[in-house]
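Trainee: So that we are looking at the same thing, I have put the structure below in structure tokens.
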Amino acid sequence: MATVINGKEHAQQLRDNLAIEVSKLKSDHALVPGLAVVLVGEDPASQIYVRNKAKQTVEVGMKSFEHRLDTDTDEVTLLDLIASLNADDAVHGILVQLPLPPHIDEFKVINAVSHDKDVDGFHLMNVGRLNTDGGGVVPCTPLGSLMMLKSQLGDLTGLNAVIVGRSNIVGKPMAALLLKANCTVTIAHSRTKNLEELCRTADILVAAVGRPRMIQGDWIKPGATVIDVGINRIEENGATKLVGDVDYLSASEVAGAITPVPGGVGPMTIACLLHNTVQQAKRIAGIDLSDQ
Ligand SMILES: NC(=O)C1=CN([C@@H]2O[C@H](COP(=O)(O)OP(=O)(O)OC[C@H]3O[C@@H](n4cnc5c(N)ncnc54)[C@H](OP(=O)(O)O)[C@@H]3O)[C@@H](O)[C@H]2O)C=CC1
Ligand SMILES: Nc1nc(=O)c2c([nH]1)NC[C@@H]1CN(c3ccc(C(=O)N[C@@H](CCC(=O)O)C(=O)O)cc3)C=[N+]21
């Protein structure tokens, strides 16, 4: 049976370290990192997620600012709010919850956030830096996934990594990170041929598809490390359940290690958001990032 990679524990450890760092920033530099989260609309899942983020932000000693806007908010109003957050010295990180309602241009909004306050790593400047010098902010879900992979496997050099999914927020930045870690990287998507065979070549398999339990145990190389990014809400036996993109039961009989859903990548994503906020606060304040 596969080792279960406990995302909740990894996230707790990261938050404990952040709490110590935040208290040092307060005492040594009078700096309290602040994170602003903007939510447009009333999607219940997003609301729970935003509430969790705010709670954990405060728990590590940072300031949390929440902005909830109606679904029919126009683009100009949202862009004005972002401009005021960009100018607010108490705010070091700005996250606009995605997806946005269809009448709002997501690309425009993402790039309206100052790249110095972007904590998602979605701004063009940070996307560019991830793919060149690696100096910018790294998207939270891939960053958390990489941290768990390194903690599980140590050096990743020479391993075959297959990522299923090519989105800008998960698949592509995950590929960039694994390439930087010296893996041989393949990105698969809905037009990929022989997906099952390709998955079987992977020492590291990352599933970021959005299809409940799509990846089966017999698609997995024995002993492989499986990172399940998928968060799918399904109805089963009259109850609502959260499942990943990997069929956990069959996969855990073949894999060497696997992240569960819930309790895997999700909690690490939020902890990495807090990590990115601290990074940006230090950058804005001119505190050496290699300091601590
Ligand atoms: N744990 C966390 O913190 C987070 C979890 N998620 C979850 O991760 C999953 C993926 O999210 P996201 O990247 O935003 O999703 P997107 O819908 O943006 O991308 C899905 C990708 O999967 C590919 N795909 C779809 N169907 C198939 C198929 N049958 N075979 C192979 N590839 C396929 C698509 O291919 P194509 O490009 O050809 O259409 C696309 O590249 C979702 O379940 C989401 O909820 C997302 C963000 C954070
Ligand atoms: N600008 C932006 N940045 C994001 O990072 C972003 C976003 N928009 N929009 C939505 C997706 C999704 N996402 C999740 C993060 C944590 C959990 C999480 O903590 N999940 C728990 C379960 C939570 C539950 O029970 O619902 C777990 O997997 O254990 C889930 C999903 C971040 N996203």
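As shown in the structure tokens, the chain order sets the letters A, B, ...; within each chain, residues go from 1, and ligands are also counted from 1 in the order they appear.
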When the cut-off is 10 Å and you count only C-alpha atoms and all ligand atoms, which residues lie near ligand 1, shown as an MDAnalysis selection string?
Mentor: chainID A and resid 49 98:99 139:142 144:145 163:172 187:196 207:212 214:215 227:233 243:245 261:270 272
Trainee: Can you write just those residues out, C-alpha atoms, as a PDB file, in the first residue's frame?
Mentor:
```
ATOM      1  CA  TYR A  49     -12.434  28.698   0.812  1.00  0.00           C
ATOM      2  CA  LEU A  98     -11.087  32.902  -9.779  1.00  0.00           C
ATOM      3  CA  PRO A  99     -13.146  32.214 -11.810  1.00  0.00           C
ATOM      4  CA  PRO A 139       1.702  29.789  -8.035  1.00  0.00           C
ATOM      5  CA  CYS A 140       0.496  28.273  -4.739  1.00  0.00           C
ATOM      6  CA  THR A 141      -0.838  24.878  -5.880  1.00  0.00           C
ATOM      7  CA  PRO A 142       2.277  23.856  -7.872  1.00  0.00           C
ATOM      8  CA  GLY A 144       2.792  23.206  -2.450  1.00  0.00           C
ATOM      9  CA  SER A 145       2.885  20.127  -4.666  1.00  0.00           C
ATOM     10  CA  ILE A 163       1.407  16.269 -15.669  1.00  0.00           C
ATOM     11  CA  VAL A 164      -2.147  15.720 -16.823  1.00  0.00           C
ATOM     12  CA  GLY A 165      -3.655  19.187 -17.428  1.00  0.00           C
ATOM     13  CA  ARG A 166      -2.208  22.334 -19.047  1.00  0.00           C
ATOM     14  CA  SER A 167      -3.993  25.201 -17.283  1.00  0.00           C
ATOM     15  CA  ASN A 168      -2.191  28.455 -16.549  1.00  0.00           C
ATOM     16  CA  ILE A 169      -2.860  28.092 -12.834  1.00  0.00           C
ATOM     17  CA  VAL A 170      -1.781  24.467 -12.269  1.00  0.00           C
ATOM     18  CA  GLY A 171      -0.461  22.377 -15.193  1.00  0.00           C
ATOM     19  CA  LYS A 172       1.907  24.847 -16.859  1.00  0.00           C
ATOM     20  CA  ILE A 187       2.407  17.687 -20.221  1.00  0.00           C
ATOM     21  CA  ALA A 188      -0.736  15.794 -21.242  1.00  0.00           C
ATOM     22  CA  HIS A 189      -4.179  17.273 -22.019  1.00  0.00           C
ATOM     23  CA  SER A 190      -7.538  16.425 -23.571  1.00  0.00           C
ATOM     24  CA  ARG A 191      -5.975  15.852 -27.032  1.00  0.00           C
ATOM     25  CA  THR A 192      -3.185  13.574 -25.798  1.00  0.00           C
ATOM     26  CA  LYS A 193      -3.052  10.148 -27.456  1.00  0.00           C
ATOM     27  CA  ASN A 194      -2.464   6.992 -25.416  1.00  0.00           C
ATOM     28  CA  LEU A 195      -2.843   8.840 -22.110  1.00  0.00           C
ATOM     29  CA  GLU A 196      -2.899   5.639 -20.058  1.00  0.00           C
ATOM     30  CA  ALA A 207      -3.291  14.977 -12.002  1.00  0.00           C
ATOM     31  CA  ALA A 208      -4.870  18.410 -12.584  1.00  0.00           C
ATOM     32  CA  VAL A 209      -7.814  17.636 -14.816  1.00  0.00           C
ATOM     33  CA  GLY A 210     -11.066  18.315 -12.987  1.00  0.00           C
ATOM     34  CA  ARG A 211     -12.550  14.875 -13.739  1.00  0.00           C
ATOM     35  CA  PRO A 212     -13.556  12.789 -10.728  1.00  0.00           C
ATOM     36  CA  MET A 214     -10.359   9.580 -13.967  1.00  0.00           C
ATOM     37  CA  ILE A 215      -6.881   8.158 -13.379  1.00  0.00           C
ATOM     38  CA  ILE A 227       0.002  14.157  -6.665  1.00  0.00           C
ATOM     39  CA  ASP A 228      -3.762  14.537  -6.981  1.00  0.00           C
ATOM     40  CA  VAL A 229      -4.646  18.208  -7.494  1.00  0.00           C
ATOM     41  CA  GLY A 230      -8.289  17.600  -8.447  1.00  0.00           C
ATOM     42  CA  ILE A 231     -11.067  18.884  -6.199  1.00  0.00           C
ATOM     43  CA  ASN A 232     -14.387  17.490  -7.412  1.00  0.00           C
ATOM     44  CA  ARG A 233     -17.652  17.579  -5.506  1.00  0.00           C
ATOM     45  CA  VAL A 243     -12.868  13.386  -4.585  1.00  0.00           C
ATOM     46  CA  GLY A 244      -9.716  13.918  -6.639  1.00  0.00           C
ATOM     47  CA  ASP A 245      -8.886  13.238 -10.289  1.00  0.00           C
ATOM     48  CA  VAL A 261      -8.376  14.399  -1.401  1.00  0.00           C
ATOM     49  CA  PRO A 262      -9.308  16.077   0.865  1.00  0.00           C
ATOM     50  CA  GLY A 263      -6.222  16.612   3.011  1.00  0.00           C
ATOM     51  CA  GLY A 264      -3.549  16.692   0.288  1.00  0.00           C
ATOM     52  CA  VAL A 265      -2.763  19.509  -2.125  1.00  0.00           C
ATOM     53  CA  GLY A 266      -5.663  21.764  -0.964  1.00  0.00           C
ATOM     54  CA  PRO A 267      -4.356  22.622   2.524  1.00  0.00           C
ATOM     55  CA  MET A 268      -0.821  23.145   1.121  1.00  0.00           C
ATOM     56  CA  THR A 269      -2.218  25.612  -1.440  1.00  0.00           C
ATOM     57  CA  ILE A 270      -3.522  27.869   1.337  1.00  0.00           C
ATOM     58  CA  CYS A 272       1.701  28.553   0.259  1.00  0.00           C
TER      59      CYS A 272
END
```
Trainee: Please list as a PyMOL selection string every residue within 7 Å of Pro33 (chain A), counting only C-alpha atoms and excluding residues in the same chain fewer than 6 positions away.
Mentor: chain A and resi 62-63+92+277-278+281
Trainee: Using backbone DSSP assignments, extract all helix (DSSP H, G or I) residues from region 30-260 of chain A; output them as an mmCIF file with N, CA and C atoms, in the first residue's frame.
Mentor:
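Wrote it out as part16.cif, contents follow:
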```cif
data_model
loop_
_atom_site.group_PDB
_atom_site.id
_atom_site.type_symbol
_atom_site.label_atom_id
_atom_site.label_comp_id
_atom_site.auth_asym_id
_atom_site.auth_seq_id
_atom_site.Cartn_x
_atom_site.Cartn_y
_atom_site.Cartn_z
ATOM 1 N N PRO A 44 -20.922 29.237 -3.147
ATOM 2 C CA PRO A 44 -20.744 28.767 -1.763
ATOM 3 C C PRO A 44 -19.372 28.124 -1.512
ATOM 4 N N ALA A 45 -18.851 27.349 -2.470
ATOM 5 C CA ALA A 45 -17.537 26.698 -2.284
ATOM 6 C C ALA A 45 -16.448 27.760 -2.139
ATOM 7 N N SER A 46 -16.519 28.813 -2.981
ATOM 8 C CA SER A 46 -15.541 29.900 -2.909
ATOM 9 C C SER A 46 -15.630 30.610 -1.567
ATOM 10 N N GLN A 47 -16.849 30.775 -1.067
ATOM 11 C CA GLN A 47 -17.023 31.472 0.212
ATOM 12 C C GLN A 47 -16.359 30.720 1.362
ATOM 13 N N ILE A 48 -16.515 29.389 1.360
ATOM 14 C CA ILE A 48 -15.875 28.575 2.407
ATOM 15 C C ILE A 48 -14.359 28.715 2.302
ATOM 16 N N TYR A 49 -13.867 28.632 1.074
ATOM 17 C CA TYR A 49 -12.434 28.698 0.812
ATOM 18 C C TYR A 49 -11.868 30.043 1.265
ATOM 19 N N VAL A 50 -12.581 31.137 0.952
ATOM 20 C CA VAL A 50 -12.133 32.476 1.336
ATOM 21 C C VAL A 50 -12.144 32.627 2.860
ATOM 22 N N ARG A 51 -13.141 32.058 3.511
ATOM 23 C CA ARG A 51 -13.221 32.123 4.980
ATOM 24 C C ARG A 51 -12.037 31.384 5.623
ATOM 25 N N ASN A 52 -11.711 30.193 5.090
ATOM 26 C CA ASN A 52 -10.555 29.426 5.586
ATOM 27 C C ASN A 52 -9.261 30.212 5.454
ATOM 28 N N LYS A 53 -9.106 30.866 4.296
ATOM 29 C CA LYS A 53 -7.893 31.644 4.055
ATOM 30 C C LYS A 53 -7.766 32.760 5.071
ATOM 31 N N ALA A 54 -8.892 33.487 5.311
ATOM 32 C CA ALA A 54 -8.870 34.622 6.238
ATOM 33 C C ALA A 54 -8.511 34.142 7.643
ATOM 34 N N LYS A 55 -9.096 33.013 8.053
ATOM 35 C CA LYS A 55 -8.867 32.469 9.397
ATOM 36 C C LYS A 55 -7.385 32.121 9.581
ATOM 37 N N GLN A 56 -6.809 31.439 8.595
ATOM 38 C CA GLN A 56 -5.410 31.010 8.702
ATOM 39 C C GLN A 56 -4.445 32.189 8.595
ATOM 40 N N THR A 57 -4.833 33.213 7.831
ATOM 41 C CA THR A 57 -3.998 34.415 7.715
ATOM 42 C C THR A 57 -3.831 35.041 9.095
ATOM 43 N N VAL A 58 -4.949 35.164 9.821
ATOM 44 C CA VAL A 58 -4.931 35.774 11.153
ATOM 45 C C VAL A 58 -4.175 34.864 12.132
ATOM 46 N N GLU A 59 -4.356 33.553 11.998
ATOM 47 C CA GLU A 59 -3.687 32.601 12.898
ATOM 48 C C GLU A 59 -2.161 32.691 12.854
ATOM 49 N N GLU A 75 -16.639 45.693 -14.347
ATOM 50 C CA GLU A 75 -15.181 45.565 -14.399
ATOM 51 C C GLU A 75 -14.470 46.795 -13.845
ATOM 52 N N VAL A 76 -15.018 47.985 -14.165
ATOM 53 C CA VAL A 76 -14.374 49.233 -13.720
ATOM 54 C C VAL A 76 -14.339 49.297 -12.189
ATOM 55 N N THR A 77 -15.426 48.900 -11.544
ATOM 56 C CA THR A 77 -15.478 48.923 -10.074
ATOM 57 C C THR A 77 -14.423 47.993 -9.496
ATOM 58 N N LEU A 78 -14.282 46.812 -10.089
ATOM 59 C CA LEU A 78 -13.285 45.853 -9.616
ATOM 60 C C LEU A 78 -11.873 46.404 -9.839
ATOM 61 N N LEU A 79 -11.637 46.987 -11.007
ATOM 62 C CA LEU A 79 -10.308 47.546 -11.302
ATOM 63 C C LEU A 79 -9.983 48.716 -10.369
ATOM 64 N N ASP A 80 -11.002 49.509 -10.011
ATOM 65 C CA ASP A 80 -10.798 50.622 -9.048
ATOM 66 C C ASP A 80 -10.400 50.077 -7.682
ATOM 67 N N LEU A 81 -11.080 49.006 -7.256
ATOM 68 C CA LEU A 81 -10.747 48.398 -5.953
ATOM 69 C C LEU A 81 -9.297 47.902 -5.984
ATOM 70 N N ILE A 82 -8.911 47.241 -7.068
ATOM 71 C CA ILE A 82 -7.530 46.727 -7.172
ATOM 72 C C ILE A 82 -6.526 47.881 -7.116
ATOM 73 N N ALA A 83 -6.848 48.987 -7.793
ATOM 74 C CA ALA A 83 -5.947 50.160 -7.772
ATOM 75 C C ALA A 83 -5.793 50.677 -6.339
ATOM 76 N N SER A 84 -6.889 50.674 -5.575
ATOM 77 C CA SER A 84 -6.774 51.196 -4.210
ATOM 78 C C SER A 84 -5.990 50.219 -3.321
ATOM 79 N N LEU A 85 -6.113 48.921 -3.574
ATOM 80 C CA LEU A 85 -5.329 47.938 -2.809
ATOM 81 C C LEU A 85 -3.848 48.016 -3.205
ATOM 82 N N ASN A 86 -3.576 48.254 -4.478
ATOM 83 C CA ASN A 86 -2.190 48.425 -4.933
ATOM 84 C C ASN A 86 -1.515 49.588 -4.190
ATOM 85 N N GLU A 106 -10.805 38.370 -17.204
ATOM 86 C CA GLU A 106 -9.927 37.813 -16.175
ATOM 87 C C GLU A 106 -8.461 38.236 -16.382
ATOM 88 N N PHE A 107 -8.037 38.195 -17.633
ATOM 89 C CA PHE A 107 -6.644 38.542 -17.984
ATOM 90 C C PHE A 107 -6.325 39.971 -17.534
ATOM 91 N N LYS A 108 -7.255 40.883 -17.814
ATOM 92 C CA LYS A 108 -7.088 42.293 -17.462
ATOM 93 C C LYS A 108 -6.979 42.450 -15.940
ATOM 94 N N VAL A 109 -7.858 41.748 -15.228
ATOM 95 C CA VAL A 109 -7.899 41.870 -13.766
ATOM 96 C C VAL A 109 -6.612 41.310 -13.143
ATOM 97 N N ILE A 110 -6.201 40.143 -13.586
ATOM 98 C CA ILE A 110 -4.988 39.508 -13.043
ATOM 99 C C ILE A 110 -3.783 40.436 -13.218
ATOM 100 N N ASN A 111 -3.697 41.078 -14.382
ATOM 101 C CA ASN A 111 -2.532 41.914 -14.657
ATOM 102 C C ASN A 111 -2.667 43.341 -14.135
ATOM 103 N N ALA A 112 -3.867 43.650 -13.571
ATOM 104 C CA ALA A 112 -4.045 44.960 -12.922
ATOM 105 C C ALA A 112 -3.453 44.936 -11.512
ATOM 106 N N LEU A 124 1.690 38.401 -15.473
ATOM 107 C CA LEU A 124 2.638 38.111 -16.562
ATOM 108 C C LEU A 124 4.093 38.205 -16.128
ATOM 109 N N MET A 125 4.408 39.202 -15.299
ATOM 110 C CA MET A 125 5.796 39.371 -14.822
ATOM 111 C C MET A 125 6.251 38.126 -14.060
ATOM 112 N N ASN A 126 5.379 37.598 -13.207
ATOM 113 C CA ASN A 126 5.760 36.419 -12.409
ATOM 114 C C ASN A 126 5.768 35.142 -13.243
ATOM 115 N N VAL A 127 4.852 35.062 -14.218
ATOM 116 C CA VAL A 127 4.872 33.913 -15.139
ATOM 117 C C VAL A 127 6.195 33.916 -15.905
ATOM 118 N N GLY A 128 6.592 35.098 -16.362
ATOM 119 C CA GLY A 128 7.850 35.240 -17.104
ATOM 120 C C GLY A 128 9.043 34.868 -16.241
ATOM 121 N N ARG A 129 9.018 35.343 -15.002
ATOM 122 C CA ARG A 129 10.171 35.057 -14.133
ATOM 123 C C ARG A 129 10.256 33.570 -13.784
ATOM 124 N N LEU A 130 9.097 32.932 -13.567
ATOM 125 C CA LEU A 130 9.107 31.488 -13.276
ATOM 126 C C LEU A 130 9.778 30.726 -14.410
ATOM 127 N N CYS A 140 0.592 28.985 -6.023
ATOM 128 C CA CYS A 140 0.496 28.273 -4.739
ATOM 129 C C CYS A 140 0.320 26.752 -4.882
ATOM 130 N N THR A 141 -0.560 26.320 -5.784
ATOM 131 C CA THR A 141 -0.838 24.878 -5.880
ATOM 132 C C THR A 141 0.391 24.096 -6.373
ATOM 133 N N PRO A 142 1.041 24.547 -7.465
ATOM 134 C CA PRO A 142 2.277 23.856 -7.872
ATOM 135 C C PRO A 142 3.386 23.946 -6.826
ATOM 136 N N LEU A 143 3.501 25.101 -6.155
ATOM 137 C CA LEU A 143 4.550 25.248 -5.143
ATOM 138 C C LEU A 143 4.333 24.245 -4.001
ATOM 139 N N GLY A 144 3.098 24.158 -3.524
ATOM 140 C CA GLY A 144 2.792 23.206 -2.450
ATOM 141 C C GLY A 144 3.028 21.774 -2.891
ATOM 142 N N SER A 145 2.682 21.482 -4.139
ATOM 143 C CA SER A 145 2.885 20.127 -4.666
ATOM 144 C C SER A 145 4.372 19.796 -4.728
ATOM 145 N N LEU A 146 5.171 20.768 -5.176
ATOM 146 C CA LEU A 146 6.623 20.543 -5.273
ATOM 147 C C LEU A 146 7.231 20.324 -3.880
ATOM 148 N N MET A 147 6.779 21.108 -2.906
ATOM 149 C CA MET A 147 7.310 20.949 -1.547
ATOM 150 C C MET A 147 7.066 19.528 -1.041
ATOM 151 N N MET A 148 5.860 19.012 -1.288
ATOM 152 C CA MET A 148 5.553 17.648 -0.823
ATOM 153 C C MET A 148 6.378 16.615 -1.586
ATOM 154 N N LEU A 149 6.571 16.840 -2.895
ATOM 155 C CA LEU A 149 7.375 15.905 -3.689
ATOM 156 C C LEU A 149 8.807 15.856 -3.182
ATOM 157 N N LYS A 150 9.385 17.030 -2.904
ATOM 158 C CA LYS A 150 10.777 17.077 -2.435
ATOM 159 C C LYS A 150 10.904 16.444 -1.066
ATOM 160 N N SER A 151 9.908 16.658 -0.236
ATOM 161 C CA SER A 151 9.981 16.080 1.098
ATOM 162 C C SER A 151 9.845 14.543 1.025
ATOM 163 N N GLN A 152 9.082 14.067 0.058
ATOM 164 C CA GLN A 152 8.882 12.625 -0.095
ATOM 165 C C GLN A 152 10.067 11.951 -0.788
ATOM 166 N N LEU A 153 10.604 12.618 -1.818
ATOM 167 C CA LEU A 153 11.580 11.951 -2.705
ATOM 168 C C LEU A 153 12.993 12.494 -2.609
ATOM 169 N N GLY A 171 -1.281 23.245 -14.330
ATOM 170 C CA GLY A 171 -0.461 22.377 -15.193
ATOM 171 C C GLY A 171 0.832 23.032 -15.673
ATOM 172 N N LYS A 172 0.707 24.219 -16.283
ATOM 173 C CA LYS A 172 1.907 24.847 -16.859
ATOM 174 C C LYS A 172 2.932 25.257 -15.805
ATOM 175 N N PRO A 173 2.514 25.960 -14.724
ATOM 176 C CA PRO A 173 3.540 26.284 -13.715
ATOM 177 C C PRO A 173 4.122 25.050 -13.025
ATOM 178 N N MET A 174 3.331 23.984 -12.885
ATOM 179 C CA MET A 174 3.858 22.736 -12.301
ATOM 180 C C MET A 174 4.972 22.189 -13.187
ATOM 181 N N ALA A 175 4.738 22.239 -14.498
ATOM 182 C CA ALA A 175 5.745 21.751 -15.444
ATOM 183 C C ALA A 175 7.027 22.575 -15.333
ATOM 184 N N ALA A 176 6.873 23.898 -15.216
ATOM 185 C CA ALA A 176 8.050 24.774 -15.110
ATOM 186 C C ALA A 176 8.857 24.428 -13.858
ATOM 187 N N LEU A 177 8.170 24.189 -12.751
ATOM 188 C CA LEU A 177 8.864 23.874 -11.494
ATOM 189 C C LEU A 177 9.583 22.536 -11.573
ATOM 190 N N LEU A 178 8.930 21.537 -12.149
ATOM 191 C CA LEU A 178 9.546 20.208 -12.230
ATOM 192 C C LEU A 178 10.724 20.216 -13.210
ATOM 193 N N LEU A 179 10.611 21.023 -14.248
ATOM 194 C CA LEU A 179 11.729 21.166 -15.188
ATOM 195 C C LEU A 179 12.929 21.784 -14.473
ATOM 196 N N LYS A 180 12.642 22.813 -13.662
ATOM 197 C CA LYS A 180 13.711 23.471 -12.893
ATOM 198 C C LYS A 180 14.348 22.500 -11.901
ATOM 199 N N LEU A 195 -3.077 8.223 -23.415
ATOM 200 C CA LEU A 195 -2.843 8.840 -22.110
ATOM 201 C C LEU A 195 -2.472 7.799 -21.044
ATOM 202 N N GLU A 196 -3.168 6.649 -21.088
ATOM 203 C CA GLU A 196 -2.899 5.639 -20.058
ATOM 204 C C GLU A 196 -1.448 5.168 -20.113
ATOM 205 N N GLU A 197 -0.987 4.866 -21.339
ATOM 206 C CA GLU A 197 0.400 4.395 -21.510
ATOM 207 C C GLU A 197 1.400 5.446 -21.070
ATOM 208 N N LEU A 198 1.089 6.694 -21.427
ATOM 209 C CA LEU A 198 1.977 7.796 -21.057
ATOM 210 C C LEU A 198 2.066 7.905 -19.526
ATOM 211 N N CYS A 199 0.931 7.803 -18.869
ATOM 212 C CA CYS A 199 0.916 7.895 -17.402
ATOM 213 C C CYS A 199 1.773 6.787 -16.785
ATOM 214 N N GLY A 217 -5.817 2.955 -11.056
ATOM 215 C CA GLY A 217 -4.627 2.284 -10.546
ATOM 216 C C GLY A 217 -3.766 1.666 -11.636
ATOM 217 N N ASP A 218 -4.387 1.071 -12.668
ATOM 218 C CA ASP A 218 -3.581 0.394 -13.689
ATOM 219 C C ASP A 218 -2.975 1.361 -14.714
ATOM 220 N N TRP A 219 -3.130 2.682 -14.490
ATOM 221 C CA TRP A 219 -2.433 3.676 -15.312
ATOM 222 C C TRP A 219 -1.130 4.088 -14.625
ATOM 223 N N TYR A 248 -8.616 6.897 -5.929
ATOM 224 C CA TYR A 248 -7.703 6.705 -4.792
ATOM 225 C C TYR A 248 -7.545 5.238 -4.392
ATOM 226 N N LEU A 249 -8.668 4.515 -4.360
ATOM 227 C CA LEU A 249 -8.624 3.120 -3.879
ATOM 228 C C LEU A 249 -7.697 2.262 -4.728
ATOM 229 N N SER A 250 -7.901 2.287 -6.063
ATOM 230 C CA SER A 250 -7.054 1.447 -6.923
ATOM 231 C C SER A 250 -5.642 2.012 -7.017
ATOM 232 N N ALA A 251 -5.497 3.347 -7.014
ATOM 233 C CA ALA A 251 -4.170 3.956 -7.154
ATOM 234 C C ALA A 251 -3.293 3.667 -5.938
#
```
Trainee: How far is it from CA of Val119 (chain A) to CA of Val226 (chain A), in Å with one decimal?
Mentor: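 CA of Val226 (chain A) lies 25.9 Å from CA of Val119 (chain A).
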Trainee: Please measure the separation of CA of Ala181 (chain A) and CA of Thr201 (chain A), giving the value in Å to one decimal.
Mentor: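 Computing it gives 18.2 Å between the two atoms.
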Trainee: Just asking: which residues within region 207-253 of chain A are strand (DSSP E or B) according to DSSP, as an MDAnalysis selection string?
Mentor: chainID A and resid 207 215 225:228 232:236 239:243 246
Trainee: Could you turn the residues from that selection into a file that holds N, CA and C atoms, as a compact mmCIF listing (two decimals), in the first residue's frame?
Mentor:
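What landed in part.txt:
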```
# COMPACT_ATOMS: atom_id res chain seq x y z
N ALA A 207 -1.98 14.94 -11.36
CA ALA A 207 -3.29 14.98 -12.00
C ALA A 207 -3.97 16.29 -11.70
N ILE A 215 -8.12 8.94 -13.27
CA ILE A 215 -6.88 8.16 -13.38
C ILE A 215 -6.95 6.91 -12.49
N THR A 225 5.13 8.23 -7.49
CA THR A 225 4.57 9.20 -6.55
C THR A 225 3.45 9.97 -7.26
N VAL A 226 2.27 9.97 -6.65
CA VAL A 226 1.09 10.56 -7.30
C VAL A 226 0.61 11.79 -6.54
N ILE A 227 0.52 12.91 -7.25
CA ILE A 227 0.00 14.16 -6.66
C ILE A 227 -1.36 14.42 -7.30
N ASP A 228 -2.39 14.37 -6.48
CA ASP A 228 -3.76 14.54 -6.98
C ASP A 228 -4.25 15.95 -6.66
N ASN A 232 -13.09 17.67 -6.75
CA ASN A 232 -14.39 17.49 -7.41
C ASN A 232 -15.44 17.14 -6.37
N ARG A 233 -16.54 17.87 -6.41
CA ARG A 233 -17.65 17.58 -5.51
C ARG A 233 -18.62 16.65 -6.24
N ILE A 234 -18.85 15.46 -5.69
CA ILE A 234 -19.77 14.52 -6.35
C ILE A 234 -20.85 14.05 -5.38
N GLU A 235 -21.93 13.53 -5.96
CA GLU A 235 -23.01 12.93 -5.16
C GLU A 235 -22.78 11.42 -5.17
N GLU A 236 -22.71 10.83 -3.97
CA GLU A 236 -22.56 9.38 -3.91
C GLU A 236 -23.38 8.84 -2.74
N ALA A 239 -25.03 11.36 -0.59
CA ALA A 239 -24.26 12.36 0.15
C ALA A 239 -23.31 13.09 -0.81
N THR A 240 -22.93 14.32 -0.45
CA THR A 240 -21.94 15.05 -1.25
C THR A 240 -20.55 14.70 -0.74
N LYS A 241 -19.67 14.38 -1.68
CA LYS A 241 -18.30 13.96 -1.32
C LYS A 241 -17.29 14.75 -2.13
N LEU A 242 -16.10 14.92 -1.56
CA LEU A 242 -15.02 15.57 -2.28
C LEU A 242 -14.07 14.48 -2.77
N VAL A 243 -13.82 14.39 -4.08
CA VAL A 243 -12.87 13.39 -4.59
C VAL A 243 -11.88 14.05 -5.55
N VAL A 246 -7.85 11.29 -9.27
CA VAL A 246 -7.29 9.95 -9.25
C VAL A 246 -8.25 9.04 -8.48
```
Trainee: Please provide as a ChimeraX atom specification all residues within 8 Å of Asp116 (chain A), with the sequence filter that same-chain residues fewer than 2 positions apart are discarded (counting only C-alpha atoms).
Mentor: /A:92,114,118,280,283-284
Trainee: Please determine, counting only C-alpha atoms, which residue among A:Leu273, A:Ala30, A:Val206, A:Ala285 has the shortest atom-to-atom distance to Gly121 (chain A).
Mentor: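 Of A:Leu273, A:Ala30, A:Val206, A:Ala285, the one nearest Gly121 (chain A) is A:Leu273, counting only C-alpha atoms.
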Trainee: Which is closer to Val91 (chain A) than all the others in A:Asn6, A:Asn17, A:Ser64, A:Gln216, using only C-alpha atoms?
Mentor: A:Ser64
Trainee: Taking only C-alpha atoms and all ligand atoms into account, name the residue in A:Pro260, A:Gly286, A:Gly93, A:Gly134 that is nearest to ligand 2.
Mentor: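 The answer is A:Pro260, which sits nearest to ligand 2.
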Trainee: With a distance cut-off of 12 Å and only C-alpha atoms, select the neighbouring residues of Asp16 (chain A), excluding the residue or stretch itself and same-chain residues fewer than 3 positions from it, and output the selection as a PyMOL selection string.
Mentor: chain A and resi 9-13+19-23+56-57+59-61+271+274-275
Trainee: Record the distance separating CA of Asp288 (chain A) and CA of Asn131 (chain A), expressed in Å with one decimal.
Mentor: 22.4 Å
